[in-house]
Amino acid sequence: MINFRIGETDEYEKLVPFFIENELEFTEEDMEEVPTDIVKCWEIVDKTDGKDELIGGFVLAKREGEYICDGIAITPEWRGTNLGKALLDKGIEEVRNQGGNRMYLVARAPGFFRKSGFVTIGREEAPNFFECFTCPQYKVSCNPEVMRLDI
C-alpha cells in the first residue's frame with residue numbers, strides 16, 4: 001500500500017541536496033549568490049513499507065520583494081503522479097494567503113508550469129535575481145525559461 005505525507009518542513013538544508021540529486025540546482029562554487037528569504041518549505045515523504053524517504057520538495061522564497069519558486073523536485077520514479085502539482089499548488093496558495101500577486105521561477109520543465117498558468121517571459125521582463133543568469137551552463141547545456149504566474 002502506498003503511504004506518503006505532504007507537509008511543511010523547516011529543514012531547508014535537507015531539501016538543497018535533494019534538489020541537487022534531482023538536477024535542479026547547480027553546485028558550481030563560482031556562481032553568484034543571490035540574497036534569499038525563505039518563506040516556507042514543503043516536503044513529500046514516502047512512508048510505504050516503513051520507509052521514511054524524501055520524494056518531493058518545494059521552497060517558496062522572496063527575492064527583491066518578489067515571490068519565487070526557489071526549488072521544486074519530485075524523484076524520477078514519482079514523476080507523473082500529480083505530486084509536483086500538489087506541491088506547486090501549496091506554494092501558489094501561500095503566495096495568495098500572504099497577499100502576493102505573482103510568482104516567478106526559472107523552469108527546466110516549462111510545460112509542467114504552463115499547465116498551472118505560468119507564462120514564459122523575457123529575461124528583461126523579470127527581476128534580475130536568478131542565479132541561472134550567472135551559471136556557466138546557462139544557454140550552453142541548460143536552456144531554462146523564465147516564467148511568471150499572475151495570481
# chains A, B, ... in the order shown; residues from 1 in each chain; ligands from 1
>>> select_by_dssp(residues="segment 16-134 of chain A", states="helix (DSSP H, G or I)", output="count of residues only")
39
>>> residues_around(residues="Gly65 of chain A", least_positions_apart="4", cutoff="10 Å", atoms="only C-alpha atoms", output="short mmCIF file (atom, residue, chain, number, x, y, z; two decimals) with C-alpha atoms, in the first residue's frame")
data_model
loop_
_atom_site.label_atom_id
_atom_site.label_comp_id
_atom_site.auth_asym_id
_atom_site.auth_seq_id
_atom_site.Cartn_x
_atom_site.Cartn_y
_atom_site.Cartn_z
CA THR A 36 17.03 34.95 -0.50
CA ASP A 37 14.43 34.98 2.26
CA ALA A 61 11.12 32.32 -1.15
CA GLY A 100 1.14 38.31 -3.17
CA PRO A 127 13.70 40.94 -11.95
#
>>> atom_distance(atom1="atom CA of Glu66 of chain A", atom2="atom CA of Glu21 of chain A")
26.7 Å
>>> closest_residue(among="A:Leu24, A:Leu60, A:Ala109, A:Met147", to="Gly122 of chain A", atoms="only C-alpha atoms")
A:Met147
>>> closest_residue(among="A:Arg123, A:Ala107, A:Trp42, A:Asp150", to="Lys14 of chain A", atoms="only C-alpha atoms")
A:Trp42
>>> select_by_dssp(residues="chain A", states="strand (DSSP E or B)", output="ChimeraX atom specification")
/A:4-9,37-46,53-63,66-74,102-107,119-120,138,142,145-150
>>> closest_residue(among="A:Asn82, A:Asn22, A:Thr48, A:Asn97", to="Phe112 of chain A", atoms="only C-alpha atoms")
A:Asn82
>>> residues_around(residues="Glu23 of chain A", least_positions_apart="6", cutoff="12 Å", atoms="only C-alpha atoms", output="MDAnalysis selection string")
chainID A and resid 16:17 71:76 107:109 142
>>> closest_residue(among="A:Val106, A:Arg79, A:Phe4, A:Phe18", to="Lys51 of chain A", atoms="only C-alpha atoms")
A:Phe4
>>> closest_residue(among="A:Thr9, A:Thr81, A:Ser116, A:Asn3", to="Glu53 of chain A", atoms="only C-alpha atoms")
A:Asn3
>>> closest_residue(among="A:Arg148, A:Lys40, A:Lys85, A:Arg114", to="Asn101 of chain A", atoms="only C-alpha atoms")
A:Arg148
